file entry33.cif (mmCIF, C-alpha atoms, pLDDT in the B column; chains and numbers go by the auth columns)
data_entry
#
loop_
_atom_site.group_PDB
_atom_site.id
_atom_site.type_symbol
_atom_site.label_atom_id
_atom_site.label_comp_id
_atom_site.label_asym_id
_atom_site.label_seq_id
_atom_site.Cartn_x
_atom_site.Cartn_y
_atom_site.Cartn_z
_atom_site.B_iso_or_equiv
_atom_site.auth_seq_id
_atom_site.auth_asym_id
ATOM 1 C CA MET A 1 5.306 15.076 -1.250 84.00 34 S
ATOM 2 C CA GLY A 2 8.610 16.677 -2.055 94.00 35 S
ATOM 3 C CA ALA A 3 11.160 16.650 0.753 94.00 36 S
ATOM 4 C CA ALA A 4 8.670 15.013 3.161 95.00 37 S
ATOM 5 C CA TRP A 5 8.763 11.784 1.107 96.00 38 S
ATOM 6 C CA SER A 6 12.004 10.715 2.790 96.00 39 S
ATOM 7 C CA GLU A 7 10.135 10.659 6.125 96.00 40 S
ATOM 8 C CA THR A 8 6.938 9.076 4.807 97.00 41 S
ATOM 9 C CA VAL A 9 5.417 5.606 5.186 97.00 42 S
ATOM 10 C CA VAL A 10 2.160 4.750 3.425 97.00 43 S
ATOM 11 C CA ALA A 11 0.409 1.474 4.271 96.00 44 S
ATOM 12 C CA LEU A 12 -2.145 -0.044 1.891 96.00 45 S
ATOM 13 C CA ILE A 13 -3.829 -3.118 3.348 92.00 46 S
ATOM 14 C CA THR A 14 -6.698 -5.322 2.313 86.00 47 S
ATOM 15 C CA GLU A 15 -8.283 -8.295 4.033 80.00 48 S
ATOM 16 C CA PHE A 16 -10.152 -9.411 0.935 78.00 49 S
ATOM 17 C CA GLY A 17 -8.923 -12.792 -0.169 78.00 50 S
ATOM 18 C CA ARG A 18 -9.529 -15.268 -2.952 79.00 51 S
ATOM 19 C CA THR A 19 -10.054 -18.980 -2.682 84.00 52 S
ATOM 20 C CA ALA A 20 -7.324 -21.171 -4.159 84.00 53 S
ATOM 21 C CA HIS A 21 -9.855 -23.057 -6.273 83.00 54 S
ATOM 22 C CA VAL A 22 -13.194 -22.254 -7.877 85.00 55 S
ATOM 23 C CA ASN A 23 -15.870 -22.305 -5.181 78.00 56 S
ATOM 24 C CA GLY A 24 -19.564 -23.293 -5.213 79.00 57 S
ATOM 25 C CA ASN A 25 -20.512 -19.996 -6.881 80.00 58 S
ATOM 26 C CA LYS A 26 -18.145 -20.744 -9.800 83.00 59 S
ATOM 27 C CA GLY A 27 -15.800 -18.005 -8.606 81.00 60 S
ATOM 28 C CA THR A 28 -12.845 -17.471 -6.315 80.00 61 S
ATOM 29 C CA ASP A 29 -14.250 -14.722 -4.146 76.00 62 S
ATOM 30 C CA HIS A 30 -14.439 -14.380 -0.366 78.00 63 S
ATOM 31 C CA GLY A 31 -11.444 -16.402 0.666 81.00 64 S
ATOM 32 C CA THR A 32 -9.114 -15.856 3.582 80.00 65 S
ATOM 33 C CA GLY A 33 -6.180 -13.661 2.763 76.00 66 S
ATOM 34 C CA THR A 34 -4.635 -10.274 2.900 81.00 67 S
ATOM 35 C CA VAL A 35 -1.844 -8.218 1.490 86.00 68 S
ATOM 36 C CA ALA A 36 0.050 -5.209 2.778 91.00 69 S
ATOM 37 C CA LEU A 37 1.902 -2.852 0.477 95.00 70 S
ATOM 38 C CA LEU A 38 4.206 -0.346 2.107 97.00 71 S
ATOM 39 C CA ALA A 39 5.551 2.648 0.217 97.00 72 S
ATOM 40 C CA GLY A 40 7.557 5.695 1.154 97.00 73 S
ATOM 41 C CA GLY A 41 11.027 7.091 1.405 96.00 74 S
ATOM 42 C CA ALA A 42 11.427 6.083 5.061 97.00 75 S
ATOM 43 C CA LEU A 43 11.325 2.391 4.165 97.00 76 S
ATOM 44 C CA LYS A 44 14.041 -0.102 3.379 96.00 77 S
ATOM 45 C CA GLY A 45 12.269 -0.870 0.117 91.00 78 S
ATOM 46 C CA GLY A 46 12.692 -2.889 -3.025 92.00 79 S
ATOM 47 C CA ARG A 47 11.770 -6.168 -1.328 93.00 80 S
ATOM 48 C CA VAL A 48 8.980 -8.660 -1.017 92.00 81 S
ATOM 49 C CA ILE A 49 8.674 -10.146 2.461 92.00 82 S
ATOM 50 C CA ALA A 50 6.567 -13.290 2.348 88.00 83 S
ATOM 51 C CA ASP A 51 6.285 -16.922 3.276 89.00 84 S
ATOM 52 C CA TRP A 52 4.728 -19.029 0.529 89.00 85 S
ATOM 53 C CA PRO A 53 2.513 -21.685 2.147 89.00 86 S
ATOM 54 C CA GLY A 54 1.812 -23.617 -1.053 90.00 87 S
ATOM 55 C CA VAL A 55 -1.406 -24.538 -2.827 88.00 88 S
ATOM 56 C CA LYS A 56 -1.529 -28.298 -2.312 91.00 89 S
ATOM 57 C CA GLU A 57 -4.749 -29.211 -0.533 89.00 90 S
ATOM 58 C CA SER A 58 -2.801 -30.117 2.609 92.00 91 S
ATOM 59 C CA ASP A 59 -1.176 -26.651 2.586 92.00 92 S
ATOM 60 C CA LEU A 60 -4.434 -24.696 2.377 91.00 93 S
ATOM 61 C CA TYR A 61 -6.299 -23.096 5.249 90.00 94 S
ATOM 62 C CA GLU A 62 -9.585 -24.972 5.699 88.00 95 S
ATOM 63 C CA ARG A 63 -8.660 -26.848 2.491 86.00 96 S
ATOM 64 C CA ARG A 64 -9.721 -23.849 0.376 86.00 97 S
ATOM 65 C CA ASP A 65 -7.640 -20.706 0.972 88.00 98 S
ATOM 66 C CA LEU A 66 -3.974 -19.709 1.073 85.00 99 S
ATOM 67 C CA LYS A 67 -2.781 -20.140 4.636 86.00 100 S
ATOM 68 C CA PRO A 68 -2.104 -16.856 6.454 86.00 101 S
ATOM 69 C CA THR A 69 1.598 -16.680 7.340 89.00 102 S
ATOM 70 C CA THR A 70 2.038 -13.162 8.750 91.00 103 S
ATOM 71 C CA ASP A 71 -0.056 -11.296 11.292 92.00 104 S
ATOM 72 C CA LEU A 72 -0.691 -7.820 9.874 93.00 105 S
ATOM 73 C CA ARG A 73 -0.448 -6.418 13.374 95.00 106 S
ATOM 74 C CA ALA A 74 3.242 -7.417 13.342 96.00 107 S
ATOM 75 C CA VAL A 75 3.818 -5.361 10.192 96.00 108 S
ATOM 76 C CA LEU A 76 1.973 -2.311 11.482 97.00 109 S
ATOM 77 C CA LYS A 77 3.487 -2.598 14.948 98.00 110 S
ATOM 78 C CA GLY A 78 6.929 -2.647 13.316 97.00 111 S
ATOM 79 C CA VAL A 79 6.208 0.515 11.359 97.00 112 S
ATOM 80 C CA LEU A 80 4.661 2.342 14.330 97.00 113 S
ATOM 81 C CA LYS A 81 7.437 1.293 16.714 97.00 114 S
ATOM 82 C CA ASP A 82 10.337 2.223 14.457 97.00 115 S
ATOM 83 C CA HIS A 83 8.840 5.171 12.579 97.00 116 S
ATOM 84 C CA LEU A 84 6.733 6.882 15.234 96.00 117 S
ATOM 85 C CA ARG A 85 8.709 5.534 18.218 96.00 118 S
ATOM 86 C CA LEU A 86 5.652 4.025 19.938 97.00 119 S
ATOM 87 C CA ASP A 87 6.600 1.610 22.716 95.00 120 S
ATOM 88 C CA ASP A 88 5.579 -2.052 22.827 96.00 121 S
ATOM 89 C CA GLY A 89 3.240 -1.582 25.801 95.00 122 S
ATOM 90 C CA LEU A 90 1.258 1.158 24.078 97.00 123 S
ATOM 91 C CA LEU A 91 1.065 -0.839 20.843 97.00 124 S
ATOM 92 C CA ALA A 92 -0.192 -3.970 22.648 96.00 125 S
ATOM 93 C CA ALA A 93 -2.606 -2.222 25.025 95.00 126 S
ATOM 94 C CA ASP A 94 -4.027 0.726 23.090 97.00 127 S
ATOM 95 C CA VAL A 95 -3.295 0.447 19.366 97.00 128 S
ATOM 96 C CA PHE A 96 -3.819 -3.324 18.998 97.00 129 S
ATOM 97 C CA PRO A 97 -5.441 -4.426 22.282 97.00 130 S
ATOM 98 C CA GLY A 98 -4.675 -7.994 23.250 95.00 131 S
ATOM 99 C CA SER A 99 -1.713 -8.311 20.879 96.00 132 S
ATOM 100 C CA GLU A 100 1.004 -8.824 23.482 96.00 133 S
ATOM 101 C CA ALA A 101 2.116 -12.065 21.796 97.00 134 S
ATOM 102 C CA VAL A 102 2.550 -10.374 18.385 97.00 135 S
ATOM 103 C CA THR A 103 6.133 -9.201 17.927 96.00 136 S
ATOM 104 C CA PRO A 104 6.671 -6.047 15.855 97.00 137 S
ATOM 105 C CA MET A 105 8.307 -6.841 12.499 96.00 138 S
ATOM 106 C CA ALA A 106 11.800 -5.389 12.503 96.00 139 S
ATOM 107 C CA GLY A 107 13.885 -4.029 9.655 96.00 140 S
ATOM 108 C CA LEU A 108 11.167 -2.318 7.619 97.00 141 S
ATOM 109 C CA LEU A 109 12.597 1.189 7.857 96.00 142 S
ATOM 110 C CA ALA A 110 15.772 2.528 6.290 95.00 143 S
#

call {"tool": "encode", "arguments": {"input": "entry33.cif", "output": "structure tokens"}}
result
Amino acid sequence: MGAAWSETVVALITEFGRTAHVNGNKGTDHGTGTVALLAGGALKGGRVIADWPGVKESDLYERRDLKPTTDLRAVLKGVLKDHLRLDDGLLAADVFPGSEAVTPMAGLLA
């Protein structure tokens, strides 16, 4: 990407999760979960931003999956707001309709 890398943000996101324990099919597939990996020169990088919910049965979502702790729309709204200068109203109404209650994650960009 050359010189453009310093202005670049790449978002890699998956909503494929794993169960915390072996399930009825003797596997750990099809659980609730997600991960977002952000890369690029425009980011304040070198960090992991996460809340660890724990794996005790009482900590699990539906007693089987890691509990979601971050709304991905908050991450993407933060990037779009700070990097592309999109306003909150546009993000909530057009980009992520119905997401008025989801606050953009701040501090992701350098």

call {"tool": "residues_around", "arguments": {"input": "entry33.cif", "residues": "Gly122 in chain S", "least_positions_apart": "5", "cutoff": "10 Å", "atoms": "all atoms listed in the file", "output": "VMD selection string"}}
result
chain S and resid 127 to 130 132 to 133

call {"tool": "resolve_selection", "arguments": {"input": "entry33.cif", "expression": "the PyMOL selection byres ((chain S and resi 106) around 10)", "output": "MDAnalysis selection string"}}
result
chainID S and resid 103:105 107:112 124:125 128:129 132 135:138

call {"tool": "residues_around", "arguments": {"input": "entry33.cif", "residues": "Gly50 in chain S", "least_positions_apart": "3", "cutoff": "9 Å", "atoms": "all atoms listed in the file", "output": "list in words"}}
result
Thr47, Thr61, Asp62, His63, Gly64, Thr65, Gly66, Thr67, Val68, Asp98 and Leu99 of chain S

call {"tool": "resolve_selection", "arguments": {"input": "entry33.cif", "expression": "the PyMOL selection byres ((chain S and resi 141) around 10)", "output": "PyMOL selection string"}}
result
chain S and resi 71+75-78+80+82+108-109+111-112+115-116+138-140+142-143

call {"tool": "closest_residue", "arguments": {"input": "entry33.cif", "among": "S:Ala53, S:Ala36, S:Leu119, S:Val42", "to": "Lys100 in chain S", "atoms": "all atoms listed in the file"}}
result
S:Ala53

call {"tool": "atom_distance", "arguments": {"input": "entry33.cif", "atom1": "CA of Ala134 in chain S", "atom2": "CA of Val88 in chain S"}}
result
27.8 Å

call {"tool": "closest_residue", "arguments": {"input": "entry33.cif", "among": "S:Leu70, S:Leu93, S:Leu117, S:Val81", "to": "Glu40 in chain S", "atoms": "all atoms listed in the file"}}
result
S:Leu117

call {"tool": "residues_around", "arguments": {"input": "entry33.cif", "residues": "Trp38 in chain S", "least_positions_apart": "5", "cutoff": "10 Å", "atoms": "all atoms listed in the file", "output": "list in words"}}
result
Val43, Ala72, Gly73, Gly74 and Ala75 of chain S

call {"tool": "write_last_selection", "arguments": {"input": "entry33.cif", "atoms": "C-alpha atoms", "output": "PDB file, keeping the file's coordinate frame"}}
result
ATOM      1  CA  VAL S  43       2.160   4.750   3.425  1.00 97.00           C
ATOM      2  CA  ALA S  72       5.551   2.648   0.217  1.00 97.00           C
ATOM      3  CA  GLY S  73       7.557   5.695   1.154  1.00 97.00           C
ATOM      4  CA  GLY S  74      11.027   7.091   1.405  1.00 96.00           C
ATOM      5  CA  ALA S  75      11.427   6.083   5.061  1.00 97.00           C
TER       6      ALA S  75
END

call {"tool": "atom_distance", "arguments": {"input": "entry33.cif", "atom1": "CA of Asp92 in chain S", "atom2": "CA of Val55 in chain S"}}
result
16.5 Å

call {"tool": "axis_aligned_box", "arguments": {"input": "entry33.cif", "around": "range 51-67 of chain S", "padding_each_side": "8 Å", "output": "AutoDock Vina command-line options"}}
result
--center_x -12.6 --center_y -16.8 --center_z -3.1 --size_x 31.9 --size_y 29.0 --size_z 29.4

call {"tool": "closest_residue", "arguments": {"input": "entry33.cif", "among": "S:His54, S:Gly79, S:Leu113, S:Arg97", "to": "Thr41 in chain S", "atoms": "all atoms listed in the file"}}
result
S:Leu113

call {"tool": "atom_distance", "arguments": {"input": "entry33.cif", "atom1": "CA of Trp85 in chain S", "atom2": "CA of Asp121 in chain S"}}
result
28.0 Å

call {"tool": "closest_residue", "arguments": {"input": "entry33.cif", "among": "S:Arg96, S:Ser39, S:Arg118, S:Met34", "to": "Thr52 in chain S", "atoms": "all atoms listed in the file"}}
result
S:Arg96

call {"tool": "decode", "arguments": {"input": "entry33.cif", "residues": "range 98-114 of chain S", "atoms": "N, CA, C and O atoms", "output": "PDB file, in the first residue's frame"}}
result
ATOM      1  N   ASP S  98     -21.768 -20.832  25.661  1.00  0.00           N
ATOM      2  CA  ASP S  98     -20.873 -20.028  24.820  1.00  0.00           C
ATOM      3  C   ASP S  98     -20.255 -18.890  25.618  1.00  0.00           C
ATOM      4  O   ASP S  98     -20.823 -18.434  26.608  1.00  0.00           O
ATOM      5  N   LEU S  99     -19.089 -18.387  25.145  1.00  0.00           N
ATOM      6  CA  LEU S  99     -18.542 -17.172  25.744  1.00  0.00           C
ATOM      7  C   LEU S  99     -19.571 -16.060  25.595  1.00  0.00           C
ATOM      8  O   LEU S  99     -20.212 -15.925  24.561  1.00  0.00           O
ATOM      9  N   LYS S 100     -19.714 -15.275  26.639  1.00  0.00           N
ATOM     10  CA  LYS S 100     -20.698 -14.199  26.649  1.00  0.00           C
ATOM     11  C   LYS S 100     -20.190 -13.032  25.796  1.00  0.00           C
ATOM     12  O   LYS S 100     -19.057 -12.582  25.988  1.00  0.00           O
ATOM     13  N   PRO S 101     -21.001 -12.559  24.851  1.00  0.00           N
ATOM     14  CA  PRO S 101     -20.598 -11.374  24.089  1.00  0.00           C
ATOM     15  C   PRO S 101     -20.438 -10.184  25.026  1.00  0.00           C
ATOM     16  O   PRO S 101     -21.265  -9.962  25.903  1.00  0.00           O
ATOM     17  N   THR S 102     -19.364  -9.412  24.863  1.00  0.00           N
ATOM     18  CA  THR S 102     -19.111  -8.274  25.735  1.00  0.00           C
ATOM     19  C   THR S 102     -19.015  -6.958  24.978  1.00  0.00           C
ATOM     20  O   THR S 102     -19.036  -5.898  25.603  1.00  0.00           O
ATOM     21  N   THR S 103     -18.888  -7.000  23.666  1.00  0.00           N
ATOM     22  CA  THR S 103     -18.758  -5.789  22.861  1.00  0.00           C
ATOM     23  C   THR S 103     -19.646  -5.910  21.636  1.00  0.00           C
ATOM     24  O   THR S 103     -19.614  -6.926  20.940  1.00  0.00           O
ATOM     25  N   ASP S 104     -20.419  -4.893  21.375  1.00  0.00           N
ATOM     26  CA  ASP S 104     -21.244  -4.836  20.170  1.00  0.00           C
ATOM     27  C   ASP S 104     -20.338  -4.429  19.011  1.00  0.00           C
ATOM     28  O   ASP S 104     -19.703  -3.364  19.059  1.00  0.00           O
ATOM     29  N   LEU S 105     -20.259  -5.249  17.984  1.00  0.00           N
ATOM     30  CA  LEU S 105     -19.381  -4.934  16.851  1.00  0.00           C
ATOM     31  C   LEU S 105     -19.759  -3.624  16.185  1.00  0.00           C
ATOM     32  O   LEU S 105     -18.904  -2.951  15.605  1.00  0.00           O
ATOM     33  N   ARG S 106     -21.020  -3.255  16.274  1.00  0.00           N
ATOM     34  CA  ARG S 106     -21.419  -1.970  15.693  1.00  0.00           C
ATOM     35  C   ARG S 106     -20.697  -0.822  16.382  1.00  0.00           C
ATOM     36  O   ARG S 106     -20.369   0.180  15.735  1.00  0.00           O
ATOM     37  N   ALA S 107     -20.380  -0.950  17.662  1.00  0.00           N
ATOM     38  CA  ALA S 107     -19.636   0.094  18.371  1.00  0.00           C
ATOM     39  C   ALA S 107     -18.235   0.241  17.792  1.00  0.00           C
ATOM     40  O   ALA S 107     -17.741   1.361  17.611  1.00  0.00           O
ATOM     41  N   VAL S 108     -17.602  -0.875  17.494  1.00  0.00           N
ATOM     42  CA  VAL S 108     -16.252  -0.849  16.910  1.00  0.00           C
ATOM     43  C   VAL S 108     -16.298  -0.194  15.534  1.00  0.00           C
ATOM     44  O   VAL S 108     -15.536   0.740  15.244  1.00  0.00           O
ATOM     45  N   LEU S 109     -17.195  -0.664  14.685  1.00  0.00           N
ATOM     46  CA  LEU S 109     -17.258  -0.126  13.327  1.00  0.00           C
ATOM     47  C   LEU S 109     -17.748   1.313  13.300  1.00  0.00           C
ATOM     48  O   LEU S 109     -17.264   2.121  12.500  1.00  0.00           O
ATOM     49  N   LYS S 110     -18.682   1.653  14.178  1.00  0.00           N
ATOM     50  CA  LYS S 110     -19.111   3.048  14.265  1.00  0.00           C
ATOM     51  C   LYS S 110     -17.940   3.942  14.680  1.00  0.00           C
ATOM     52  O   LYS S 110     -17.784   5.050  14.163  1.00  0.00           O
ATOM     53  N   GLY S 111     -17.107   3.467  15.605  1.00  0.00           N
ATOM     54  CA  GLY S 111     -15.947   4.242  16.018  1.00  0.00           C
ATOM     55  C   GLY S 111     -14.982   4.496  14.880  1.00  0.00           C
ATOM     56  O   GLY S 111     -14.488   5.613  14.700  1.00  0.00           O
ATOM     57  N   VAL S 112     -14.731   3.466  14.091  1.00  0.00           N
ATOM     58  CA  VAL S 112     -13.830   3.620  12.940  1.00  0.00           C
ATOM     59  C   VAL S 112     -14.439   4.570  11.908  1.00  0.00           C
ATOM     60  O   VAL S 112     -13.772   5.495  11.429  1.00  0.00           O
ATOM     61  N   LEU S 113     -15.701   4.368  11.564  1.00  0.00           N
ATOM     62  CA  LEU S 113     -16.342   5.203  10.543  1.00  0.00           C
ATOM     63  C   LEU S 113     -16.485   6.649  10.986  1.00  0.00           C
ATOM     64  O   LEU S 113     -16.319   7.574  10.187  1.00  0.00           O
ATOM     65  N   LYS S 114     -16.771   6.863  12.257  1.00  0.00           N
ATOM     66  CA  LYS S 114     -16.916   8.229  12.779  1.00  0.00           C
ATOM     67  C   LYS S 114     -15.585   8.968  12.764  1.00  0.00           C
ATOM     68  O   LYS S 114     -15.493  10.091  12.279  1.00  0.00           O
TER      69      LYS S 114
END
